[in-house]
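Student: Encoded as structure tokens, here's the structure I'll be asking about.
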Amino acid sequence: MRASAFCMLLAVMAPSAAATQVPVAPDQPQFVLPHPQGPHLVGVRSFSWIDDQNPAARTASGALGREVSVQIWYPATGSSASRPALYSPGLELILAAAADLPESDRGFVMAHQPLLHTATNSLPCAEMLYRDRAWPVVLFSPGGNVSRHWQTVLAEGMASRGFVFVAMSHPFSTIDVAPASGFSMSIDWGLDQEDEQAAAEADNRLADVLARDAAFVLERLRDLARTGTSFAGALDLDEVGIAGHSRGGKTVGRTCASHPAFKACAVIDNIGPARERTTGIQPPLLTLRSPWDNERVAKLHDYLGRTGSVAYDVTMIGSNHFTCADLPLFIPDLRAEGVDPADGIENCARILAGFFDAHLVGRLPWDERWVPPVHPDLVEVRRF
């Protein structure tokens with residue numbers, strides 16, 4: 001299927017699955033992202049699905065249901081000379097909505113204006129690259145008030161290395177524009193209450209909502225894999241991975257504790273939700289993080305020590321909370337001192353791909369040690 005100004009999949013899949021437009025970047029984009037380092041070209045498609053069985057939230061129009069949009073990056077065939085996809089479709093609506101936000105939120109959103117005409121390295125609606133076995137799938141949950149688009153460089157790095165990387169937008173947790181629901185951003189979930197018990201209860205409620213989104217997306221992916229789309233037969237959905245950044249770590253912890261299909265779990269710069277900090281999770285778990293204070297590290301190690309299989313604490317030396325995200329490429333104030341933003345994201349992609357290669361694809365025995373595939377001077381590793 002050739003890319004055009006707006007490419008769209010034919011809606012031949014289940015009625016609940018709606019393909020959405022993937023516009024191409026302009027002839028002279030404002031900025032081109034760092035090129036992914038894996039051996040494969042990258043394709044991208046978007047979908048938006050409404051979970052009308054979810055009692056947790058309604059759409060912006062008040063209708064029952066929760067609209068979850070996803071961006072799917074995957075190994076692709078095609079010409080690297082083809083026009084790439086636009087970085088952030090719907091950004092105009094996000095910027096327009098910023099006028100009604102509190103000043104602190106408004107400034108953060110408006111800082112993304114340079115992304116309006118930014119090109120990715122991904123080919124919209126490119127044909128899936130087929131091989132003799134299905135590609136491994138990793139779902140991704142962004143942080144609070146962060147768009148799924150704002151970790152595109154990481155997504156392209158993973159897809160170029162042979163993963164199908166599915167980034168989710170969580171209504172009223174992330175920031176985005178959905179086809180049916182329109183603009184939404186994070187609401188106050190009650191996570192910052194002074195009452196520790198009330199805050200933990202709020203944390204668990206949010207984790208349940210986010211984990212349900214992940215399970216719902218997995219079911220819709222199974223619909224895609226069963227139908228006549230180009231994803232049919234190309235996705236390994238029996239054993240799936242999941243990763244999340246910041247608030248997305250709550251998605252990872254609750255999903256991996258509740259849904260057996262998820263076999264390897266990775267969290268970027270956070271700890272799991274309140275319940276899992278006591279119970280732990282069973283699948284292999286990676287925490288990839290910036291340097292933290294000793295008290296927070298102790299809480300993390302207590303959590304990782306409860307993992308039923310194997311867990312890794314990997315500290316990226318010199319990094320910060322945003323090193324694995326695209327934001328430092330465009331917002332200098334978010335850069336870690338002495339770390340090139342493109343190099344930081346590339347190291348994150350290499351580490352995540354190495355972890356999922358070992359514990360999702362290769363199914364490394366738990367008594368064998370995985371080592372992050374970056375220079376030892378860049379990371380500190382502790383295994384549990």
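Here's how to read the names in the structure tokens: chain A, B, ... by the order shown, residue numbers from 1 in each chain, ligand numbers from 1 in the order shown.
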Applying 10 Å and only C-alpha atoms, which residues near Val381 in chain A remain after dropping the ones on its own chain fewer than 5 positions away? List them as a PyMOL selection string.
Tutor: chain A and resi 287-288+312-316+371-372+376
Student: Taking into account only C-alpha atoms, which residue in the set A:Gly253, A:Gly162, A:Pro365, A:Pro291 is nearest to Leu235 in chain A?
Tutor: A:Gly162
Student: Which of range 71-280 of chain A counts as strand (DSSP E) under DSSP, as an MDAnalysis selection string please?
Tutor: chainID A and resid 71:76 118:119 123:124 135:141 164:169 176:178 182:184 235:245 262:268
Student: Find, counting only C-alpha atoms, the residue in A:Ala257, A:Val379, A:Ala243, A:Ala274 that gets nearest to Arg205 in chain A.
Tutor: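 Distance minimum relative to Arg205 in chain A lands on A:Ala274.
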Student: Within 12 Å of Val209 in chain A, counting only C-alpha atoms, which residues show up once you throw out same-chain ones fewer than 4 positions away? Write them as a list in words, please.
Tutor: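 Once the nearby chain positions are removed, what remains is Asp51, Asn54, Pro55, Ala56, Ala57, Arg66, Val68, His170, Pro171, Phe172, Ser173, Trp189, Ala202, Asp203, Asn204, Arg205, Asp213, Ala214, Ala215, Phe216, Gly248, Lys250, Thr251, Val252, Arg254, Thr255 and Pro273 of chain A.
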Student: Any chance you could export the current selection's N, CA and C atoms as a PDB file, in the first residue's frame?
Tutor:
ATOM      1  N   ASP A  51     -13.658   1.251  24.181  1.00  0.00           N
ATOM      2  CA  ASP A  51     -13.990   0.165  25.095  1.00  0.00           C
ATOM      3  C   ASP A  51     -15.335   0.507  25.730  1.00  0.00           C
ATOM      4  N   ASN A  54     -16.154  -0.581  29.483  1.00  0.00           N
ATOM      5  CA  ASN A  54     -15.337  -0.065  30.581  1.00  0.00           C
ATOM      6  C   ASN A  54     -16.163   0.909  31.420  1.00  0.00           C
ATOM      7  N   PRO A  55     -16.434   0.581  32.663  1.00  0.00           N
ATOM      8  CA  PRO A  55     -17.233   1.479  33.502  1.00  0.00           C
ATOM      9  C   PRO A  55     -16.429   2.633  34.088  1.00  0.00           C
ATOM     10  N   ALA A  56     -15.106   2.668  33.819  1.00  0.00           N
ATOM     11  CA  ALA A  56     -14.245   3.619  34.520  1.00  0.00           C
ATOM     12  C   ALA A  56     -14.408   5.049  34.034  1.00  0.00           C
ATOM     13  N   ALA A  57     -14.803   5.236  32.775  1.00  0.00           N
ATOM     14  CA  ALA A  57     -14.836   6.593  32.247  1.00  0.00           C
ATOM     15  C   ALA A  57     -15.767   6.660  31.056  1.00  0.00           C
ATOM     16  N   ARG A  66     -14.629   4.268  26.686  1.00  0.00           N
ATOM     17  CA  ARG A  66     -13.316   4.874  26.898  1.00  0.00           C
ATOM     18  C   ARG A  66     -12.532   4.698  25.603  1.00  0.00           C
ATOM     19  N   VAL A  68      -9.453   4.571  23.377  1.00  0.00           N
ATOM     20  CA  VAL A  68      -8.010   4.353  23.501  1.00  0.00           C
ATOM     21  C   VAL A  68      -7.406   4.379  22.109  1.00  0.00           C
ATOM     22  N   HIS A 170      -3.816   6.999  27.008  1.00  0.00           N
ATOM     23  CA  HIS A 170      -4.782   6.702  28.061  1.00  0.00           C
ATOM     24  C   HIS A 170      -5.657   7.930  28.298  1.00  0.00           C
ATOM     25  N   PRO A 171      -6.949   7.883  28.011  1.00  0.00           N
ATOM     26  CA  PRO A 171      -7.799   9.045  28.254  1.00  0.00           C
ATOM     27  C   PRO A 171      -7.716   9.535  29.693  1.00  0.00           C
ATOM     28  N   PHE A 172      -7.589  10.848  29.839  1.00  0.00           N
ATOM     29  CA  PHE A 172      -7.572  11.512  31.138  1.00  0.00           C
ATOM     30  C   PHE A 172      -6.358  11.128  31.981  1.00  0.00           C
ATOM     31  N   SER A 173      -5.329  10.599  31.334  1.00  0.00           N
ATOM     32  CA  SER A 173      -4.041  10.380  31.996  1.00  0.00           C
ATOM     33  C   SER A 173      -2.929  10.960  31.134  1.00  0.00           C
ATOM     34  N   TRP A 189      -6.176  12.523  39.737  1.00  0.00           N
ATOM     35  CA  TRP A 189      -6.549  11.182  40.180  1.00  0.00           C
ATOM     36  C   TRP A 189      -6.417  11.014  41.688  1.00  0.00           C
ATOM     37  N   ALA A 202      -6.043   5.668  45.649  1.00  0.00           N
ATOM     38  CA  ALA A 202      -6.130   6.353  44.359  1.00  0.00           C
ATOM     39  C   ALA A 202      -5.142   5.754  43.364  1.00  0.00           C
ATOM     40  N   ASP A 203      -3.944   5.441  43.841  1.00  0.00           N
ATOM     41  CA  ASP A 203      -2.924   4.833  42.990  1.00  0.00           C
ATOM     42  C   ASP A 203      -3.409   3.503  42.428  1.00  0.00           C
ATOM     43  N   ASN A 204      -4.037   2.710  43.265  1.00  0.00           N
ATOM     44  CA  ASN A 204      -4.548   1.414  42.821  1.00  0.00           C
ATOM     45  C   ASN A 204      -5.715   1.569  41.845  1.00  0.00           C
ATOM     46  N   ARG A 205      -6.593   2.558  42.088  1.00  0.00           N
ATOM     47  CA  ARG A 205      -7.701   2.784  41.153  1.00  0.00           C
ATOM     48  C   ARG A 205      -7.170   3.168  39.771  1.00  0.00           C
ATOM     49  N   ASP A 213      -6.814  -0.686  30.029  1.00  0.00           N
ATOM     50  CA  ASP A 213      -6.506  -0.190  28.685  1.00  0.00           C
ATOM     51  C   ASP A 213      -5.547  -1.134  27.970  1.00  0.00           C
ATOM     52  N   ALA A 214      -4.504  -1.578  28.674  1.00  0.00           N
ATOM     53  CA  ALA A 214      -3.510  -2.455  28.055  1.00  0.00           C
ATOM     54  C   ALA A 214      -4.130  -3.781  27.640  1.00  0.00           C
ATOM     55  N   ALA A 215      -4.956  -4.356  28.513  1.00  0.00           N
ATOM     56  CA  ALA A 215      -5.611  -5.620  28.168  1.00  0.00           C
ATOM     57  C   ALA A 215      -6.578  -5.444  27.006  1.00  0.00           C
ATOM     58  N   PHE A 216      -7.280  -4.320  26.970  1.00  0.00           N
ATOM     59  CA  PHE A 216      -8.204  -4.019  25.878  1.00  0.00           C
ATOM     60  C   PHE A 216      -7.446  -3.882  24.554  1.00  0.00           C
ATOM     61  N   GLY A 248       3.372   5.556  33.429  1.00  0.00           N
ATOM     62  CA  GLY A 248       3.204   4.297  32.721  1.00  0.00           C
ATOM     63  C   GLY A 248       3.741   3.105  33.488  1.00  0.00           C
ATOM     64  N   LYS A 250       2.892   2.412  36.438  1.00  0.00           N
ATOM     65  CA  LYS A 250       1.721   1.844  37.114  1.00  0.00           C
ATOM     66  C   LYS A 250       0.988   0.888  36.188  1.00  0.00           C
ATOM     67  N   THR A 251       0.902   1.271  34.916  1.00  0.00           N
ATOM     68  CA  THR A 251       0.296   0.384  33.916  1.00  0.00           C
ATOM     69  C   THR A 251       1.042  -0.936  33.864  1.00  0.00           C
ATOM     70  N   VAL A 252       2.372  -0.845  33.824  1.00  0.00           N
ATOM     71  CA  VAL A 252       3.199  -2.049  33.712  1.00  0.00           C
ATOM     72  C   VAL A 252       3.009  -2.956  34.919  1.00  0.00           C
ATOM     73  N   ARG A 254       0.598  -3.217  37.256  1.00  0.00           N
ATOM     74  CA  ARG A 254      -0.715  -3.839  37.407  1.00  0.00           C
ATOM     75  C   ARG A 254      -1.002  -4.808  36.249  1.00  0.00           C
ATOM     76  N   THR A 255      -0.607  -4.455  35.041  1.00  0.00           N
ATOM     77  CA  THR A 255      -0.835  -5.336  33.898  1.00  0.00           C
ATOM     78  C   THR A 255      -0.090  -6.647  34.068  1.00  0.00           C
ATOM     79  N   PRO A 273       2.788   0.254  41.113  1.00  0.00           N
ATOM     80  CA  PRO A 273       1.684   0.798  41.901  1.00  0.00           C
ATOM     81  C   PRO A 273       1.666   0.257  43.324  1.00  0.00           C
TER      82      PRO A 273
END
Student: Once you count only C-alpha atoms, what closest atom pair and distance in Å to one decimal does each residue of range 243-292 of chain A within 12 Å of range 325-330 of chain A have, with rows by chain and rising residue number, as a tab-separated table?
Tutor:
residue	atom	partner	partner_atom	distance
A:Gly244	CA	A:Ala325	CA	11.2
A:His245	CA	A:Ala325	CA	8.6
A:Ser246	CA	A:Ala325	CA	10.6
A:Ile268	CA	A:Ala325	CA	10.0
A:Asp269	CA	A:Ala325	CA	11.2
Student: Those residues with C-alpha atoms, as an mmCIF file, in the first residue's frame please?
Tutor:
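For reference, again.cif as written:
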data_model
loop_
_atom_site.group_PDB
_atom_site.id
_atom_site.type_symbol
_atom_site.label_atom_id
_atom_site.label_comp_id
_atom_site.auth_asym_id
_atom_site.auth_seq_id
_atom_site.Cartn_x
_atom_site.Cartn_y
_atom_site.Cartn_z
ATOM 1 C CA GLY A 244 6.014 2.294 30.514
ATOM 2 C CA HIS A 245 7.567 5.617 31.402
ATOM 3 C CA SER A 246 6.860 7.463 34.659
ATOM 4 C CA ILE A 268 11.379 3.706 32.852
ATOM 5 C CA ASP A 269 12.041 5.923 35.880
#
Student: Compile the contact shell of Asn320 in chain A as a list in words: residues with an atom at most 8 Å away, counting only C-alpha atoms, same-chain residues fewer than 2 positions apart removed.
Tutor: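 The residues that qualify are Arg289, Ser290, Pro291, Gly318, Phe322, Thr323, Arg335 and Ala336 of chain A.
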Student: Put those residues in a file: C-alpha atoms, as a compact mmCIF listing (two decimals), in the first residue's frame.
Tutor:
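Saved file selection-v7.txt follows:
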# COMPACT_ATOMS: atom_id res chain seq x y z
CA ARG A 289 16.14 4.85 35.54
CA SER A 290 18.04 8.01 36.28
CA PRO A 291 20.04 8.36 39.52
CA GLY A 318 24.11 11.12 34.07
CA PHE A 322 13.22 12.66 30.36
CA THR A 323 16.30 11.00 28.84
CA ARG A 335 18.26 17.89 28.84
CA ALA A 336 20.55 16.04 31.20
Student: Which value, in Å to one decimal, gives the distance between CA of Ala180 in chain A and CA of Glu67 in chain A?
Tutor: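 Between CA of Ala180 in chain A and CA of Glu67 in chain A the gap works out to 7.5 Å.
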Student: Applying 12 Å and only C-alpha atoms, which residues near Pro34 in chain A remain after dropping the ones on its own chain fewer than 5 positions away? List them as number ranges by chain.
Tutor: A: 118-122, 152-157, 326, 329, 340-346
Student: Can you measure CA of Leu224 in chain A to CA of Leu206 in chain A for me? One decimal in Å is fine.
Tutor: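 Atom-to-atom, CA of Leu224 in chain A and CA of Leu206 in chain A are spaced 27.4 Å apart.
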Student: Range 88-163 of chain A: which residues are alpha helix (DSSP H) by DSSP, as a PyMOL selection string?
Tutor: chain A and resi 91-97+103-110+152-160
Student: What lies within 6 Å of Val177 in chain A using only C-alpha atoms, ignoring chain neighbours under 2 positions off, as a ChimeraX atom specification?
Tutor: /A:90,182-183
Student: Those residues with N, CA, C and O atoms, as a PDB file, in the first residue's frame please?
Tutor:
ATOM      1  N   GLY A  90      -2.759  16.097  15.004  1.00  0.00           N
ATOM      2  CA  GLY A  90      -3.636  16.630  16.039  1.00  0.00           C
ATOM      3  C   GLY A  90      -2.962  17.621  16.969  1.00  0.00           C
ATOM      4  O   GLY A  90      -3.608  18.136  17.892  1.00  0.00           O
ATOM      5  N   GLY A 182     -12.043  13.721  21.036  1.00  0.00           N
ATOM      6  CA  GLY A 182     -11.374  15.007  20.996  1.00  0.00           C
ATOM      7  C   GLY A 182     -10.220  15.094  21.964  1.00  0.00           C
ATOM      8  O   GLY A 182      -9.598  14.093  22.322  1.00  0.00           O
ATOM      9  N   PHE A 183      -9.927  16.319  22.430  1.00  0.00           N
ATOM     10  CA  PHE A 183      -8.784  16.587  23.290  1.00  0.00           C
ATOM     11  C   PHE A 183      -9.042  16.089  24.711  1.00  0.00           C
ATOM     12  O   PHE A 183     -10.121  16.283  25.262  1.00  0.00           O
TER      13      PHE A 183
END
Student: As a VMD selection string, please: the residues near range 22-28 of chain A (cut-off 10 Å, only C-alpha atoms, same-chain neighbours under 2 positions excluded).
Tutor: chain A and resid 3 to 9 19 to 20 30 to 32 44 to 47 71 82 to 89 116 to 125
Student: Which one is closest to Ile331 in chain A: A:Ala111, A:Leu364, A:Val297, A:Val217? Count only C-alpha atoms.
Tutor: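 Counting only C-alpha atoms, the residue closest to Ile331 in chain A is A:Ala111.
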